[in-house]
Amino acid sequence: MHTVLRSASKTVTIGHDQPFCIIGERINPTGRKQFQLQLRADDLSRLAIDVEQQVQGGADVLDVNMGVPLTDEPALLGRAIKMIQSLTDLPICIDSSIVEALQVGLETYEGKALVNSVTGEEDRMDLILPLIKRHGAAIIALPNDATGIPATVAERLTITEKIVRTVEKYGIPLEDLLIDPLAMPVGADPESVKITLETIHAIRERWGLNMTLGASNVSFGLPYRHAVNAAFLPAAMSHGLTSAVMDARTPLIVEAVRAADLLLGLDPWGGNWISRFRAIEASKMASESARAEA
Amino acid sequence: MNTEEIIKALYDQTLAGNAPAVLELTQEALTMGIGPDSILFDALIPSLEEVGARFERGDYFVPEMLIAGKAMSGALNVLRPLLAETGAESIGTFLMGTVKGDVHDIGKNLVNIMLEGAGFNVIDLGVQTPPEKFIAGIREHKPDIVGMSAFLTTTMPMFKVNIHEITKAGLRDEVIIMVGGAPVTQEYADAVGADGYAADASTAVRLAKEMIKQRRDKVLV
């Protein structure tokens with residue numbers, strides 16, 4: 001099953017036979033005071049830096065969230081998407097829980113976007129899925145409902161089943177559905193990541209769907225988080241995870257993902273791995289010779 | 001072990017999050033005739049205070065805080081009925097809930113642990129708490145403080161809704177209202193008419209204590 005995302009000029013394919021799709025997560029003001037103040041003052045200049053860092057780091061898609069309290073989020077998100085599409089040709093994952101913001105985002109976006117996200121709650125699906133259908137976009141769906149985050153694999157699968165049926169009812173192809181199997185902090189519950197891995201495996205076996213999750217969540221509250229994230233992703237990939245919303249600025253994590261591509265047969269003969277090595281060597285050489293000249 | 005040693009052991013084992021040892025030591029201390037209030041105020045509360053201080057400094061991490069909290073809760077289950085008999089007063093009652101539409105509870109639970117650790121009587125309404133449940137909770141438990149947690153920019157507006165409903169029910173002057181959660185800021189807390197905001201669990205406890213004290217002082221004046 002292939003989920004195809006497009007910008008005006010670039011196509012990205014997510015699938016179990018494809019290299020892992022890195023959705024760069026940093027274009028998001030949550031917890032960033034300075035950035036929030038700038039956005040509230042209509043200053044979007046910081047976006048350029050965040051976009052540059054995610055692209056340089058190796059993101060395949062960019063997650064864009066403009067959730068700043070006490071602002072007009074739909075308008076802000078629309079402007080941000082327009083600006084980012086002028087800076088990069090990577091496809092965008094439009095991230096908001098406000099339906100009007102998703103609507104403005106989809107209307108503004110050029111290409112086929114991914115939308116982050118809808119839950120398994122019927123009223124949310126009835127609001128968001130028609131938008132997805134109308135714009136021919138792809139959607140991330142979380143198998144949780146009004147009662148909370150399900151603790152067991154079985155409950156997550158029951159809600160996934162409901163999501164799959166509803167998505168089909170709205171005439172959206174299953175290729176355009178990504179399930180988020182819910183990654184929770186392992187520091188708050190030692191069993192949580194095992195549940196996530198089993199859920200990933202079961203979803204792949206049962207529906208063959210593509211999946212994504214917020215990878216940094218697993219290491220919340222722990223020291224040396226990057227290493228925990230870097231260990232988690234290859235494990236999740238080997239269970240069937242095909243993409244993740246993650247911070248592409250950290251080489252340790254990006255390299256773990258690209259190495260796992262190679263190990264899992266998603267980068268035959270190491271073409272991508274070797275090119276990556278050559279690119280890094282070349283940029284090292286370039287900066288060394290620049291230093292020598294200076 | 002003498003009294004001093006057992007209090008010290010309780011303090012250390014709580015700090016280490018060793019729930020079985022804390023439970024066993026609590027029972028042993030009670031058998032020796034150590035008062036439940038002494039176990040609470042000389043061992044458990046100072047230990048949780050130290051946990052909070054270490055967490056704030058970045059020396060302690062979330063799992064360590066959670067297991068210390070679990071260790072203390074185990075002891076509290078034994079001590080609570082005994083403390084009620086002795087008529088020991090809690091420093092305040094705190095009614096806590098994650099707002100309607102929001103299922104996130106890790107941050108809320110950390111704050112609960114630190115509040116309990118500081119001697120508060122904490123009543124947790126859980127996640128997805130609608131305004132009417134907050135109101136019923138206020139009527140039933142007569143808390144000093146109501147705490148509301150939200151993790152999403154889309155669920156934060158529930159603070160305002162809740163506060164409005166609490167005001168409409170004529171209960172606004174009965175309680176101090178504190179808000180918190182990842183996207184929440186002081187500015188936002190002010191905008192929705194909350195009395196207090198804290199960015200982390202330790203600060204929340206400190207603020208809660210201060211606000212209760214201020215309120216009691218005011219009543220005395």
# chains A, B, ... in the order shown; residues from 1 in each chain; ligands from 1
>>> residues_around(residues="Leu23 in chain B", least_positions_apart="6", cutoff="8 Å", atoms="only C-alpha atoms", output="PyMOL selection string")
chain B and resi 71+74-75
>>> closest_atom_pairs(of="chain A", to="chain B", cutoff="12 Å", atoms="only C-alpha atoms", output="JSON lines")
{"residue": "A:Asn28", "atom": "CA", "partner": "B:Pro183", "partner_atom": "CA", "distance": 11.3}
{"residue": "A:Pro29", "atom": "CA", "partner": "B:Pro183", "partner_atom": "CA", "distance": 9.1}
{"residue": "A:Thr30", "atom": "CA", "partner": "B:Pro183", "partner_atom": "CA", "distance": 5.8}
{"residue": "A:Gly31", "atom": "CA", "partner": "B:Pro183", "partner_atom": "CA", "distance": 6.1}
{"residue": "A:Arg32", "atom": "CA", "partner": "B:Pro183", "partner_atom": "CA", "distance": 9.1}
{"residue": "A:Lys33", "atom": "CA", "partner": "B:Thr185", "partner_atom": "CA", "distance": 8.8}
{"residue": "A:Gln36", "atom": "CA", "partner": "B:Pro183", "partner_atom": "CA", "distance": 10.4}
{"residue": "A:Leu37", "atom": "CA", "partner": "B:Glu187", "partner_atom": "CA", "distance": 11.4}
{"residue": "A:Asn65", "atom": "CA", "partner": "B:Thr153", "partner_atom": "CA", "distance": 10.8}
{"residue": "A:Met66", "atom": "CA", "partner": "B:Thr153", "partner_atom": "CA", "distance": 9.9}
{"residue": "A:Gly67", "atom": "CA", "partner": "B:Thr153", "partner_atom": "CA", "distance": 6.2}
{"residue": "A:Val68", "atom": "CA", "partner": "B:Thr153", "partner_atom": "CA", "distance": 7.2}
{"residue": "A:Pro69", "atom": "CA", "partner": "B:Thr153", "partner_atom": "CA", "distance": 6.2}
{"residue": "A:Leu70", "atom": "CA", "partner": "B:Tyr188", "partner_atom": "CA", "distance": 7.8}
{"residue": "A:Thr71", "atom": "CA", "partner": "B:Thr153", "partner_atom": "CA", "distance": 10.6}
{"residue": "A:Glu73", "atom": "CA", "partner": "B:Thr153", "partner_atom": "CA", "distance": 10.1}
{"residue": "A:Asp95", "atom": "CA", "partner": "B:Thr153", "partner_atom": "CA", "distance": 11.9}
{"residue": "A:Ser96", "atom": "CA", "partner": "B:Thr154", "partner_atom": "CA", "distance": 8.7}
{"residue": "A:Ser97", "atom": "CA", "partner": "B:Thr154", "partner_atom": "CA", "distance": 6.4}
{"residue": "A:Ile98", "atom": "CA", "partner": "B:Thr154", "partner_atom": "CA", "distance": 6.7}
{"residue": "A:Val99", "atom": "CA", "partner": "B:Thr154", "partner_atom": "CA", "distance": 10.2}
{"residue": "A:Glu100", "atom": "CA", "partner": "B:Thr154", "partner_atom": "CA", "distance": 11.8}
{"residue": "A:Ala101", "atom": "CA", "partner": "B:Thr154", "partner_atom": "CA", "distance": 11.3}
{"residue": "A:Thr119", "atom": "CA", "partner": "B:Gly101", "partner_atom": "CA", "distance": 11.1}
{"residue": "A:Glu121", "atom": "CA", "partner": "B:Gly101", "partner_atom": "CA", "distance": 10.5}
{"residue": "A:Asp123", "atom": "CA", "partner": "B:Gly101", "partner_atom": "CA", "distance": 11.9}
{"residue": "A:Arg124", "atom": "CA", "partner": "B:Gly101", "partner_atom": "CA", "distance": 11.0}
{"residue": "A:Asn144", "atom": "CA", "partner": "B:Val103", "partner_atom": "CA", "distance": 9.1}
{"residue": "A:Asp145", "atom": "CA", "partner": "B:Val103", "partner_atom": "CA", "distance": 8.9}
{"residue": "A:Ala146", "atom": "CA", "partner": "B:Gly101", "partner_atom": "CA", "distance": 7.0}
{"residue": "A:Thr147", "atom": "CA", "partner": "B:Gln128", "partner_atom": "CA", "distance": 7.3}
{"residue": "A:Gly148", "atom": "CA", "partner": "B:Val103", "partner_atom": "CA", "distance": 4.8}
{"residue": "A:Ile149", "atom": "CA", "partner": "B:Val103", "partner_atom": "CA", "distance": 6.6}
{"residue": "A:Pro150", "atom": "CA", "partner": "B:Val103", "partner_atom": "CA", "distance": 10.1}
{"residue": "A:Met184", "atom": "CA", "partner": "B:Ile106", "partner_atom": "CA", "distance": 9.7}
{"residue": "A:Pro185", "atom": "CA", "partner": "B:Ile106", "partner_atom": "CA", "distance": 8.8}
{"residue": "A:Val186", "atom": "CA", "partner": "B:Pro63", "partner_atom": "CA", "distance": 8.5}
{"residue": "A:Gly187", "atom": "CA", "partner": "B:Pro63", "partner_atom": "CA", "distance": 4.8}
{"residue": "A:Ala188", "atom": "CA", "partner": "B:Pro63", "partner_atom": "CA", "distance": 5.9}
{"residue": "A:Asp189", "atom": "CA", "partner": "B:Pro63", "partner_atom": "CA", "distance": 8.2}
{"residue": "A:Pro190", "atom": "CA", "partner": "B:Pro63", "partner_atom": "CA", "distance": 9.2}
{"residue": "A:Asn217", "atom": "CA", "partner": "B:Ile106", "partner_atom": "CA", "distance": 11.6}
{"residue": "A:Ser219", "atom": "CA", "partner": "B:Val62", "partner_atom": "CA", "distance": 10.0}
{"residue": "A:Phe220", "atom": "CA", "partner": "B:Val62", "partner_atom": "CA", "distance": 7.9}
{"residue": "A:Gly221", "atom": "CA", "partner": "B:Val62", "partner_atom": "CA", "distance": 4.7}
{"residue": "A:Leu222", "atom": "CA", "partner": "B:Phe61", "partner_atom": "CA", "distance": 5.7}
{"residue": "A:Pro223", "atom": "CA", "partner": "B:Phe61", "partner_atom": "CA", "distance": 7.1}
{"residue": "A:Tyr224", "atom": "CA", "partner": "B:Phe61", "partner_atom": "CA", "distance": 10.9}
{"residue": "A:Arg225", "atom": "CA", "partner": "B:Phe61", "partner_atom": "CA", "distance": 11.4}
>>> write_last_selection(atoms="C-alpha atoms", output="mmCIF file, in the first residue's frame")
data_model
loop_
_atom_site.group_PDB
_atom_site.id
_atom_site.type_symbol
_atom_site.label_atom_id
_atom_site.label_comp_id
_atom_site.auth_asym_id
_atom_site.auth_seq_id
_atom_site.Cartn_x
_atom_site.Cartn_y
_atom_site.Cartn_z
ATOM 1 C CA ASN A 28 5.713 24.114 15.774
ATOM 2 C CA PRO A 29 5.556 26.904 18.380
ATOM 3 C CA THR A 30 4.389 24.701 21.291
ATOM 4 C CA GLY A 31 6.674 25.295 24.259
ATOM 5 C CA ARG A 32 8.717 27.971 22.387
ATOM 6 C CA LYS A 33 7.998 31.294 23.999
ATOM 7 C CA GLN A 36 5.090 32.323 19.917
ATOM 8 C CA LEU A 37 5.660 36.012 20.563
ATOM 9 C CA ASN A 65 1.733 23.388 13.273
ATOM 10 C CA MET A 66 0.808 27.000 14.089
ATOM 11 C CA GLY A 67 -1.031 26.384 17.333
ATOM 12 C CA VAL A 68 -0.420 29.631 19.189
ATOM 13 C CA PRO A 69 -2.986 30.449 21.871
ATOM 14 C CA LEU A 70 -4.916 33.703 21.436
ATOM 15 C CA THR A 71 -4.229 34.030 17.708
ATOM 16 C CA GLU A 73 -4.689 30.006 13.892
ATOM 17 C CA ASP A 95 -1.036 19.816 11.711
ATOM 18 C CA SER A 96 -3.902 21.263 13.712
ATOM 19 C CA SER A 97 -6.801 20.111 15.818
ATOM 20 C CA ILE A 98 -8.859 23.112 14.700
ATOM 21 C CA VAL A 99 -11.015 22.146 11.726
ATOM 22 C CA GLU A 100 -11.090 25.687 10.284
ATOM 23 C CA ALA A 101 -7.290 25.762 10.330
ATOM 24 C CA THR A 119 -9.285 10.707 16.269
ATOM 25 C CA GLU A 121 -14.438 9.924 17.656
ATOM 26 C CA ASP A 123 -18.059 13.697 15.481
ATOM 27 C CA ARG A 124 -14.395 14.472 14.693
ATOM 28 C CA ASN A 144 -8.357 6.833 20.638
ATOM 29 C CA ASP A 145 -11.821 8.098 21.439
ATOM 30 C CA ALA A 146 -13.617 10.213 24.006
ATOM 31 C CA THR A 147 -12.782 7.803 26.820
ATOM 32 C CA GLY A 148 -9.027 8.317 26.573
ATOM 33 C CA ILE A 149 -5.967 6.580 25.187
ATOM 34 C CA PRO A 150 -6.658 2.835 25.048
ATOM 35 C CA MET A 184 3.465 6.947 24.964
ATOM 36 C CA PRO A 185 6.339 7.787 27.330
ATOM 37 C CA VAL A 186 8.126 4.642 28.485
ATOM 38 C CA GLY A 187 9.234 6.586 31.571
ATOM 39 C CA ALA A 188 5.610 6.785 32.697
ATOM 40 C CA ASP A 189 4.765 3.149 31.980
ATOM 41 C CA PRO A 190 7.340 0.408 31.340
ATOM 42 C CA ASN A 217 7.049 11.065 22.895
ATOM 43 C CA SER A 219 11.549 9.404 25.685
ATOM 44 C CA PHE A 220 9.633 12.119 27.576
ATOM 45 C CA GLY A 221 11.050 12.768 31.030
ATOM 46 C CA LEU A 222 14.255 10.778 30.493
ATOM 47 C CA PRO A 223 17.886 11.768 30.208
ATOM 48 C CA TYR A 224 19.711 11.359 26.881
ATOM 49 C CA ARG A 225 16.450 11.273 24.963
#
>>> select_by_dssp(residues="range 70-266 of chain A", states="strand (DSSP E)", output="PyMOL selection string")
chain A and resi 92-95+114-119+138-142+177-179+210-211+243-246
>>> residues_around(residues="Ala9 in chain B", least_positions_apart="4", cutoff="10 Å", atoms="only C-alpha atoms", output="list in words")
Met1, Thr3, Glu4, Glu5, Gln13, Thr14, Leu15, Ala21, Val22, Leu25, Thr26 and Ala43 of chain B
>>> write_last_selection(atoms="C-alpha atoms", output="PDB file, in the first residue's frame")
ATOM      1  CA  MET B   1      16.038  -0.087  64.360  1.00  0.00           C
ATOM      2  CA  THR B   3      12.832   5.593  65.767  1.00  0.00           C
ATOM      3  CA  GLU B   4      15.441   7.762  64.163  1.00  0.00           C
ATOM      4  CA  GLU B   5      16.768   4.922  62.034  1.00  0.00           C
ATOM      5  CA  GLN B  13      13.401   4.175  50.545  1.00  0.00           C
ATOM      6  CA  THR B  14      10.757   6.692  49.441  1.00  0.00           C
ATOM      7  CA  LEU B  15      13.457   8.691  47.711  1.00  0.00           C
ATOM      8  CA  ALA B  21      10.173  -1.465  51.477  1.00  0.00           C
ATOM      9  CA  VAL B  22       8.249   1.732  52.268  1.00  0.00           C
ATOM     10  CA  LEU B  25       8.776   0.080  57.079  1.00  0.00           C
ATOM     11  CA  THR B  26       5.517   1.974  57.586  1.00  0.00           C
ATOM     12  CA  ALA B  43       9.774  10.962  56.607  1.00  0.00           C
TER      13      ALA B  43
END
>>> select_by_dssp(residues="range 22-208 of chain B", states="helix (DSSP H, G or I)", output="mmCIF file with C-alpha atoms, in the first residue's frame")
data_model
loop_
_atom_site.group_PDB
_atom_site.id
_atom_site.type_symbol
_atom_site.label_atom_id
_atom_site.label_comp_id
_atom_site.auth_asym_id
_atom_site.auth_seq_id
_atom_site.Cartn_x
_atom_site.Cartn_y
_atom_site.Cartn_z
ATOM 1 C CA VAL B 22 8.249 1.732 52.268
ATOM 2 C CA LEU B 23 5.097 -0.233 52.991
ATOM 3 C CA GLU B 24 6.950 -2.688 55.206
ATOM 4 C CA LEU B 25 8.776 0.080 57.079
ATOM 5 C CA THR B 26 5.517 1.974 57.586
ATOM 6 C CA GLN B 27 3.946 -1.061 59.209
ATOM 7 C CA GLU B 28 7.046 -1.668 61.275
ATOM 8 C CA ALA B 29 7.093 1.953 62.450
ATOM 9 C CA LEU B 30 3.447 1.778 63.463
ATOM 10 C CA THR B 31 4.077 -1.447 65.396
ATOM 11 C CA PRO B 36 1.244 8.180 61.755
ATOM 12 C CA ASP B 37 1.732 11.957 61.717
ATOM 13 C CA SER B 38 5.416 11.530 62.446
ATOM 14 C CA ILE B 39 5.772 9.002 59.615
ATOM 15 C CA LEU B 40 4.069 11.450 57.278
ATOM 16 C CA PHE B 41 5.671 14.724 58.336
ATOM 17 C CA ASP B 42 9.143 13.521 59.358
ATOM 18 C CA ALA B 43 9.774 10.962 56.607
ATOM 19 C CA LEU B 44 7.396 10.880 53.649
ATOM 20 C CA ILE B 45 6.771 14.574 53.056
ATOM 21 C CA PRO B 46 10.437 15.628 53.409
ATOM 22 C CA SER B 47 11.384 12.769 51.076
ATOM 23 C CA LEU B 48 8.926 13.863 48.384
ATOM 24 C CA GLU B 49 10.105 17.450 48.850
ATOM 25 C CA GLU B 50 13.610 16.251 48.083
ATOM 26 C CA VAL B 51 12.297 14.357 45.028
ATOM 27 C CA GLY B 52 10.699 17.587 43.808
ATOM 28 C CA ALA B 53 13.874 19.586 44.426
ATOM 29 C CA ARG B 54 15.995 17.049 42.559
ATOM 30 C CA PHE B 55 13.505 16.990 39.688
ATOM 31 C CA GLU B 56 13.559 20.754 39.472
ATOM 32 C CA ARG B 57 17.368 20.772 39.374
ATOM 33 C CA VAL B 62 10.113 11.341 35.423
ATOM 34 C CA PRO B 63 10.248 7.599 36.202
ATOM 35 C CA GLU B 64 12.052 8.283 39.502
ATOM 36 C CA MET B 65 9.421 10.806 40.468
ATOM 37 C CA LEU B 66 6.603 8.408 39.558
ATOM 38 C CA ILE B 67 7.956 5.494 41.580
ATOM 39 C CA ALA B 68 8.671 7.733 44.584
ATOM 40 C CA GLY B 69 5.055 8.883 44.339
ATOM 41 C CA LYS B 70 3.821 5.295 44.130
ATOM 42 C CA ALA B 71 5.895 4.357 47.180
ATOM 43 C CA MET B 72 4.411 7.229 49.148
ATOM 44 C CA SER B 73 0.840 6.429 48.009
ATOM 45 C CA GLY B 74 1.228 2.856 49.271
ATOM 46 C CA ALA B 75 2.181 4.164 52.707
ATOM 47 C CA LEU B 76 -0.585 6.779 52.646
ATOM 48 C CA ASN B 77 -3.214 4.087 52.092
ATOM 49 C CA VAL B 78 -2.176 2.620 55.433
ATOM 50 C CA LEU B 79 -1.785 5.973 57.184
ATOM 51 C CA ARG B 80 -4.885 7.783 55.940
ATOM 52 C CA PRO B 81 -7.454 6.089 58.202
ATOM 53 C CA LEU B 82 -5.105 6.448 61.196
ATOM 54 C CA LEU B 83 -4.479 10.117 60.441
ATOM 55 C CA ALA B 84 -8.224 10.696 60.239
ATOM 56 C CA GLU B 85 -8.582 9.209 63.728
ATOM 57 C CA THR B 86 -5.947 11.508 65.173
ATOM 58 C CA ILE B 106 0.997 12.325 32.669
ATOM 59 C CA GLY B 107 1.669 15.940 33.656
ATOM 60 C CA LYS B 108 -1.441 16.049 35.820
ATOM 61 C CA ASN B 109 -0.383 12.854 37.593
ATOM 62 C CA LEU B 110 3.066 14.287 38.329
ATOM 63 C CA VAL B 111 1.463 17.351 39.899
ATOM 64 C CA ASN B 112 -0.841 15.072 41.938
ATOM 65 C CA ILE B 113 2.159 13.158 43.251
ATOM 66 C CA MET B 114 3.946 16.304 44.316
ATOM 67 C CA LEU B 115 0.790 17.704 45.918
ATOM 68 C CA GLU B 116 0.182 14.499 47.847
ATOM 69 C CA GLY B 117 3.840 14.493 48.719
ATOM 70 C CA PRO B 131 -17.623 21.502 33.723
ATOM 71 C CA GLU B 132 -20.520 19.846 35.553
ATOM 72 C CA LYS B 133 -18.141 17.261 37.016
ATOM 73 C CA PHE B 134 -15.847 20.022 38.328
ATOM 74 C CA ILE B 135 -18.888 21.711 39.865
ATOM 75 C CA ALA B 136 -20.184 18.508 41.453
ATOM 76 C CA GLY B 137 -16.651 17.877 42.767
ATOM 77 C CA ILE B 138 -16.493 21.336 44.343
ATOM 78 C CA ARG B 139 -19.872 20.813 46.012
ATOM 79 C CA GLU B 140 -18.947 17.367 47.303
ATOM 80 C CA HIS B 141 -15.347 17.847 48.419
ATOM 81 C CA PRO B 157 -10.349 27.139 25.961
ATOM 82 C CA MET B 158 -12.151 24.741 28.325
ATOM 83 C CA PHE B 159 -10.467 26.604 31.220
ATOM 84 C CA LYS B 160 -12.560 29.622 30.410
ATOM 85 C CA VAL B 161 -15.714 27.552 29.963
ATOM 86 C CA ASN B 162 -15.137 25.778 33.286
ATOM 87 C CA ILE B 163 -14.431 29.009 35.145
ATOM 88 C CA HIS B 164 -17.531 30.572 33.630
ATOM 89 C CA GLU B 165 -19.677 27.615 34.702
ATOM 90 C CA ILE B 166 -18.163 27.584 38.198
ATOM 91 C CA THR B 167 -18.939 31.303 38.488
ATOM 92 C CA LYS B 168 -22.482 30.750 37.239
ATOM 93 C CA ARG B 172 -16.140 31.000 42.131
ATOM 94 C CA ASP B 173 -15.399 32.670 45.459
ATOM 95 C CA GLU B 174 -15.235 29.320 47.241
ATOM 96 C CA GLN B 186 0.934 32.802 32.533
ATOM 97 C CA GLU B 187 -0.549 35.210 30.036
ATOM 98 C CA TYR B 188 -3.142 32.643 28.973
ATOM 99 C CA ALA B 189 -3.972 31.800 32.576
ATOM 100 C CA ASP B 190 -4.575 35.505 33.245
ATOM 101 C CA ALA B 191 -6.683 35.848 30.111
ATOM 102 C CA ALA B 201 4.931 20.198 39.333
ATOM 103 C CA SER B 202 7.224 21.629 42.031
ATOM 104 C CA THR B 203 6.307 25.207 41.213
ATOM 105 C CA ALA B 204 2.647 24.225 41.249
ATOM 106 C CA VAL B 205 2.975 22.876 44.795
ATOM 107 C CA ARG B 206 4.820 25.949 46.004
ATOM 108 C CA LEU B 207 2.229 28.219 44.447
ATOM 109 C CA ALA B 208 -0.652 26.151 45.828
#
>>> closest_residue(among="A:Ile22, A:Lys162, A:Asp50, A:Leu5", to="Asp261 in chain A", atoms="only C-alpha atoms")
A:Ile22
>>> atom_distance(atom1="CA of Ile139 in chain A", atom2="CA of Pro251 in chain A")
27.8 Å
>>> residues_around(residues="Arg249 in chain A", least_positions_apart="5", cutoff="10 Å", atoms="only C-alpha atoms", output="list of chain:residue names")
A:Gly24, A:Glu25, A:Arg26, A:Asp50, A:Glu52, A:Gln53, A:Gln54, A:Val55, A:Gln56, A:Gly57, A:Gly58, A:Ala59, A:Val254
